[in-house]
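J.: What follows is work.txt, compact mmCIF, C-alpha atoms.
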```
# COMPACT_ATOMS: atom_id res chain seq x y z
CA MET Z 28 -21.32 9.76 11.01
CA ARG Z 29 -21.56 6.15 9.92
CA ARG Z 30 -24.68 5.49 7.85
CA ILE Z 31 -26.11 2.60 5.90
CA ARG Z 32 -29.16 2.41 3.63
CA THR Z 33 -30.63 -1.06 3.64
CA VAL Z 34 -32.11 -3.44 6.19
CA GLY Z 35 -29.78 -6.10 4.78
CA ASP Z 36 -26.77 -3.94 5.61
CA LEU Z 37 -28.18 -3.34 9.07
CA LEU Z 38 -28.58 -7.08 9.61
CA GLU Z 39 -24.96 -7.64 8.54
CA TYR Z 40 -23.78 -4.91 10.92
CA LEU Z 41 -25.77 -6.35 13.83
CA GLN Z 42 -24.30 -9.79 13.10
CA SER Z 43 -20.78 -8.32 13.05
CA ILE Z 44 -21.21 -6.84 16.54
CA ASN Z 45 -22.65 -10.10 17.95
CA CYS Z 46 -26.22 -8.85 18.13
CA PRO Z 47 -27.95 -10.88 15.42
CA MET Z 48 -31.60 -10.16 14.64
CA SER Z 49 -33.95 -11.65 12.14
CA ARG Z 50 -35.40 -9.64 9.27
CA SER Z 51 -38.88 -10.01 10.76
CA THR Z 52 -37.69 -8.58 14.09
CA VAL Z 53 -36.15 -5.55 12.39
CA ASP Z 54 -39.30 -5.08 10.29
CA LYS Z 55 -41.40 -5.10 13.48
CA LEU Z 56 -39.07 -2.60 15.14
CA LEU Z 57 -39.39 -0.35 12.09
CA ARG Z 58 -43.19 -0.58 12.05
CA THR Z 59 -43.39 0.35 15.73
CA ASN Z 60 -40.67 3.03 15.50
CA GLU Z 61 -38.62 1.29 18.18
CA ILE Z 62 -35.33 1.41 16.26
CA PRO Z 63 -33.68 4.66 15.16
CA PHE Z 64 -33.93 5.36 11.44
CA ILE Z 65 -34.60 8.17 8.99
CA ARG Z 66 -37.15 7.67 6.21
CA ILE Z 67 -36.02 9.53 3.09
CA SER Z 68 -38.98 8.33 1.02
CA SER Z 69 -41.54 5.56 1.29
CA ARG Z 70 -38.95 2.90 0.40
CA VAL Z 71 -35.62 4.50 1.36
CA LEU Z 72 -34.39 4.24 4.94
CA ILE Z 73 -31.15 5.49 6.47
CA PHE Z 74 -29.66 3.92 9.59
CA ASP Z 75 -27.12 5.94 11.57
CA LEU Z 76 -24.86 3.29 13.11
CA ASP Z 77 -23.89 5.59 15.99
CA ALA Z 78 -27.59 5.92 16.88
CA ILE Z 79 -28.04 2.14 16.50
CA ASP Z 80 -25.09 1.52 18.87
CA LYS Z 81 -26.57 3.94 21.41
CA TRP Z 82 -30.01 2.33 21.06
CA LEU Z 83 -28.53 -1.11 21.64
CA SER Z 84 -26.61 0.01 24.74
CA VAL Z 85 -29.71 1.64 26.26
CA ASP Z 86 -31.82 -1.40 25.39
CA SER Z 87 -29.31 -3.78 27.00
CA GLU Z 88 -29.32 -1.79 30.25
CA ILE Z 89 -33.01 -2.48 30.80
```
Could you write out this structure as structure tokens?
T.:
Amino acid sequence: MRRIRTVGDLLEYLQSINCPMSRSTVDKLLRTNEIPFIRISSRVLIFDLDAIDKWLSVDSEI
């Protein structure tokens, strides 16, 4: 499983796969639970990149 811990790392990953998003867009997706993530504590998030890839492919099919 490929995992990262910060929104900054997520933004870099999205940029690297040609799906750039702004920090404010990711923050909105987090607030509305529209992006897959695991909250370890109030300030610690984990992003599973396999789940992100799947989420992006489902989202692009719509």
J.: Quick one: contact table of stretch 67-86 of chain Z to stretch 42-62 of chain Z, 10 Å max, nearest atom pair and distance in Å to one decimal per residue, counting all atoms listed in the file, chain and number order, as CSV?
T.:
```
residue,atom,partner,partner_atom,distance
Z:Leu72,CA,Z:Leu57,CA,9.9
Z:Phe74,CA,Z:Ile62,CA,9.1
Z:Ala78,CA,Z:Ile62,CA,9.0
Z:Ile79,CA,Z:Ile62,CA,7.3
Z:Asp80,CA,Z:Ile44,CA,9.5
Z:Trp82,CA,Z:Ile62,CA,7.2
Z:Leu83,CA,Z:Cys46,CA,8.8
```
J.: So that I can check the surroundings of stretch 29-34 of chain Z, please list as a list in words every protein, DNA and RNA residue that reaches within 7 Å of it, counting all atoms listed in the file and ignoring chain neighbours fewer than 4 positions away.
T.: Leu38, Leu72, Ile73, Phe74, Asp75, Leu76 and Asp77 of chain Z
J.: Could you work out an axis-aligned box for stretch 39-50 of chain Z, taking every atom the file lists and adding 4 Å on each side, and report centre and edge lengths in Å to one decimal, as JSON?
T.:
```
{"center_x": -28.1, "center_y": -8.3, "center_z": 13.3, "size_x": 22.6, "size_y": 14.7, "size_z": 17.6}
```
J.: Taking the block above, write stretch 42-76 of chain Z with N, CA, C and O atoms as a JSON list (two decimals), in the first residue's frame.
T.:
```json
[["chain", "number", "residue", "atom", "x", "y", "z"],
["Z", 42, "GLN", "N", -0.01, 16.49, -8.91],
["Z", 42, "GLN", "CA", 0.72, 17.20, -9.96],
["Z", 42, "GLN", "C", 1.51, 16.22, -10.82],
["Z", 42, "GLN", "O", 1.52, 16.32, -12.05],
["Z", 43, "SER", "N", 2.13, 15.24, -10.18],
["Z", 43, "SER", "CA", 2.98, 14.28, -10.90],
["Z", 43, "SER", "C", 2.19, 13.36, -11.83],
["Z", 43, "SER", "O", 2.75, 12.82, -12.78],
["Z", 44, "ILE", "N", 0.90, 13.19, -11.55],
["Z", 44, "ILE", "CA", 0.07, 12.34, -12.42],
["Z", 44, "ILE", "C", -0.83, 13.19, -13.32],
["Z", 44, "ILE", "O", -1.83, 12.70, -13.84],
["Z", 45, "ASN", "N", -0.47, 14.45, -13.49],
["Z", 45, "ASN", "CA", -1.19, 15.38, -14.37],
["Z", 45, "ASN", "C", -2.64, 15.59, -13.96],
["Z", 45, "ASN", "O", -3.54, 15.62, -14.79],
["Z", 46, "CYS", "N", -2.84, 15.71, -12.66],
["Z", 46, "CYS", "CA", -4.17, 16.02, -12.12],
["Z", 46, "CYS", "C", -4.00, 17.08, -11.03],
["Z", 46, "CYS", "O", -4.34, 16.85, -9.87],
["Z", 47, "PRO", "N", -3.48, 18.25, -11.41],
["Z", 47, "PRO", "CA", -3.21, 19.27, -10.38],
["Z", 47, "PRO", "C", -4.48, 19.80, -9.74],
["Z", 47, "PRO", "O", -5.51, 19.95, -10.39],
["Z", 48, "MET", "N", -4.41, 20.04, -8.45],
["Z", 48, "MET", "CA", -5.50, 20.65, -7.68],
["Z", 48, "MET", "C", -4.90, 21.69, -6.77],
["Z", 48, "MET", "O", -3.75, 21.57, -6.35],
["Z", 49, "SER", "N", -5.70, 22.67, -6.45],
["Z", 49, "SER", "CA", -5.24, 23.69, -5.51],
["Z", 49, "SER", "C", -5.43, 23.19, -4.08],
["Z", 49, "SER", "O", -6.21, 22.27, -3.82],
["Z", 50, "ARG", "N", -4.72, 23.82, -3.18],
["Z", 50, "ARG", "CA", -4.85, 23.47, -1.75],
["Z", 50, "ARG", "C", -6.29, 23.70, -1.27],
["Z", 50, "ARG", "O", -6.84, 22.89, -0.54],
["Z", 51, "SER", "N", -6.91, 24.79, -1.74],
["Z", 51, "SER", "CA", -8.27, 25.08, -1.30],
["Z", 51, "SER", "C", -9.26, 24.03, -1.80],
["Z", 51, "SER", "O", -10.21, 23.68, -1.10],
["Z", 52, "THR", "N", -9.03, 23.50, -3.00],
["Z", 52, "THR", "CA", -9.90, 22.43, -3.52],
["Z", 52, "THR", "C", -9.77, 21.18, -2.67],
["Z", 52, "THR", "O", -10.77, 20.56, -2.30],
["Z", 53, "VAL", "N", -8.54, 20.80, -2.36],
["Z", 53, "VAL", "CA", -8.32, 19.61, -1.53],
["Z", 53, "VAL", "C", -8.92, 19.82, -0.14],
["Z", 53, "VAL", "O", -9.57, 18.93, 0.41],
["Z", 54, "ASP", "N", -8.75, 21.01, 0.43],
["Z", 54, "ASP", "CA", -9.34, 21.31, 1.74],
["Z", 54, "ASP", "C", -10.86, 21.16, 1.70],
["Z", 54, "ASP", "O", -11.46, 20.60, 2.62],
["Z", 55, "LYS", "N", -11.49, 21.63, 0.63],
["Z", 55, "LYS", "CA", -12.94, 21.50, 0.50],
["Z", 55, "LYS", "C", -13.35, 20.03, 0.38],
["Z", 55, "LYS", "O", -14.31, 19.59, 1.01],
["Z", 56, "LEU", "N", -12.59, 19.27, -0.40],
["Z", 56, "LEU", "CA", -12.88, 17.85, -0.55],
["Z", 56, "LEU", "C", -12.73, 17.11, 0.78],
["Z", 56, "LEU", "O", -13.50, 16.18, 1.08],
["Z", 57, "LEU", "N", -11.77, 17.52, 1.59],
["Z", 57, "LEU", "CA", -11.60, 16.93, 2.91],
["Z", 57, "LEU", "C", -12.77, 17.28, 3.83],
["Z", 57, "LEU", "O", -13.30, 16.40, 4.52],
["Z", 58, "ARG", "N", -13.17, 18.54, 3.82],
["Z", 58, "ARG", "CA", -14.29, 18.98, 4.68],
["Z", 58, "ARG", "C", -15.58, 18.25, 4.35],
["Z", 58, "ARG", "O", -16.39, 17.96, 5.23],
["Z", 59, "THR", "N", -15.80, 17.98, 3.08],
["Z", 59, "THR", "CA", -17.04, 17.34, 2.63],
["Z", 59, "THR", "C", -16.90, 15.82, 2.49],
["Z", 59, "THR", "O", -17.83, 15.17, 2.02],
["Z", 60, "ASN", "N", -15.76, 15.29, 2.90],
["Z", 60, "ASN", "CA", -15.50, 13.84, 2.84],
["Z", 60, "ASN", "C", -15.67, 13.27, 1.43],
["Z", 60, "ASN", "O", -16.14, 12.16, 1.25],
["Z", 61, "GLU", "N", -15.27, 14.03, 0.43],
["Z", 61, "GLU", "CA", -15.39, 13.59, -0.95],
["Z", 61, "GLU", "C", -14.12, 12.93, -1.47],
["Z", 61, "GLU", "O", -14.13, 12.38, -2.57],
["Z", 62, "ILE", "N", -13.04, 13.00, -0.73],
["Z", 62, "ILE", "CA", -11.77, 12.40, -1.13],
["Z", 62, "ILE", "C", -11.42, 11.35, -0.07],
["Z", 62, "ILE", "O", -11.68, 11.56, 1.11],
["Z", 63, "PRO", "N", -10.88, 10.20, -0.50],
["Z", 63, "PRO", "CA", -10.57, 9.17, 0.50],
["Z", 63, "PRO", "C", -9.36, 9.54, 1.36],
["Z", 63, "PRO", "O", -8.32, 9.93, 0.84],
["Z", 64, "PHE", "N", -9.54, 9.44, 2.67],
["Z", 64, "PHE", "CA", -8.46, 9.69, 3.61],
["Z", 64, "PHE", "C", -8.80, 9.02, 4.93],
["Z", 64, "PHE", "O", -9.95, 8.66, 5.18],
["Z", 65, "ILE", "N", -7.78, 8.85, 5.76],
["Z", 65, "ILE", "CA", -7.95, 8.31, 7.10],
["Z", 65, "ILE", "C", -7.45, 9.38, 8.06],
["Z", 65, "ILE", "O", -6.37, 9.92, 7.90],
["Z", 66, "ARG", "N", -8.28, 9.71, 9.05],
["Z", 66, "ARG", "CA", -7.88, 10.70, 10.06],
["Z", 66, "ARG", "C", -7.36, 9.94, 11.28],
["Z", 66, "ARG", "O", -8.11, 9.25, 11.95],
["Z", 67, "ILE", "N", -6.06, 10.07, 11.53],
["Z", 67, "ILE", "CA", -5.42, 9.42, 12.67],
["Z", 67, "ILE", "C", -5.69, 10.20, 13.95],
["Z", 67, "ILE", "O", -5.96, 9.63, 15.00],
["Z", 68, "SER", "N", -5.62, 11.51, 13.87],
["Z", 68, "SER", "CA", -5.96, 12.40, 14.97],
["Z", 68, "SER", "C", -6.50, 13.69, 14.35],
["Z", 68, "SER", "O", -6.65, 13.78, 13.14],
["Z", 69, "SER", "N", -6.77, 14.67, 15.16],
["Z", 69, "SER", "CA", -7.39, 15.89, 14.63],
["Z", 69, "SER", "C", -6.54, 16.58, 13.56],
["Z", 69, "SER", "O", -7.06, 17.26, 12.69],
["Z", 70, "ARG", "N", -5.23, 16.40, 13.61],
["Z", 70, "ARG", "CA", -4.35, 17.07, 12.64],
["Z", 70, "ARG", "C", -3.51, 16.13, 11.78],
["Z", 70, "ARG", "O", -2.69, 16.59, 11.00],
["Z", 71, "VAL", "N", -3.72, 14.83, 11.92],
["Z", 71, "VAL", "CA", -2.91, 13.87, 11.16],
["Z", 71, "VAL", "C", -3.82, 13.10, 10.21],
["Z", 71, "VAL", "O", -4.75, 12.41, 10.64],
["Z", 72, "LEU", "N", -3.54, 13.24, 8.91],
["Z", 72, "LEU", "CA", -4.30, 12.55, 7.88],
["Z", 72, "LEU", "C", -3.38, 11.59, 7.14],
["Z", 72, "LEU", "O", -2.19, 11.87, 6.97],
["Z", 73, "ILE", "N", -3.95, 10.49, 6.68],
["Z", 73, "ILE", "CA", -3.22, 9.53, 5.85],
["Z", 73, "ILE", "C", -3.99, 9.40, 4.54],
["Z", 73, "ILE", "O", -5.22, 9.24, 4.54],
["Z", 74, "PHE", "N", -3.26, 9.48, 3.43],
["Z", 74, "PHE", "CA", -3.85, 9.30, 2.11],
["Z", 74, "PHE", "C", -3.28, 8.02, 1.51],
["Z", 74, "PHE", "O", -2.06, 7.90, 1.36],
["Z", 75, "ASP", "N", -4.14, 7.08, 1.18],
["Z", 75, "ASP", "CA", -3.74, 5.86, 0.49],
["Z", 75, "ASP", "C", -3.77, 6.17, -1.01],
["Z", 75, "ASP", "O", -4.83, 6.45, -1.57],
["Z", 76, "LEU", "N", -2.61, 6.16, -1.64],
["Z", 76, "LEU", "CA", -2.53, 6.56, -3.05],
["Z", 76, "LEU", "C", -3.28, 5.62, -3.97],
["Z", 76, "LEU", "O", -3.79, 6.04, -5.01]]
```
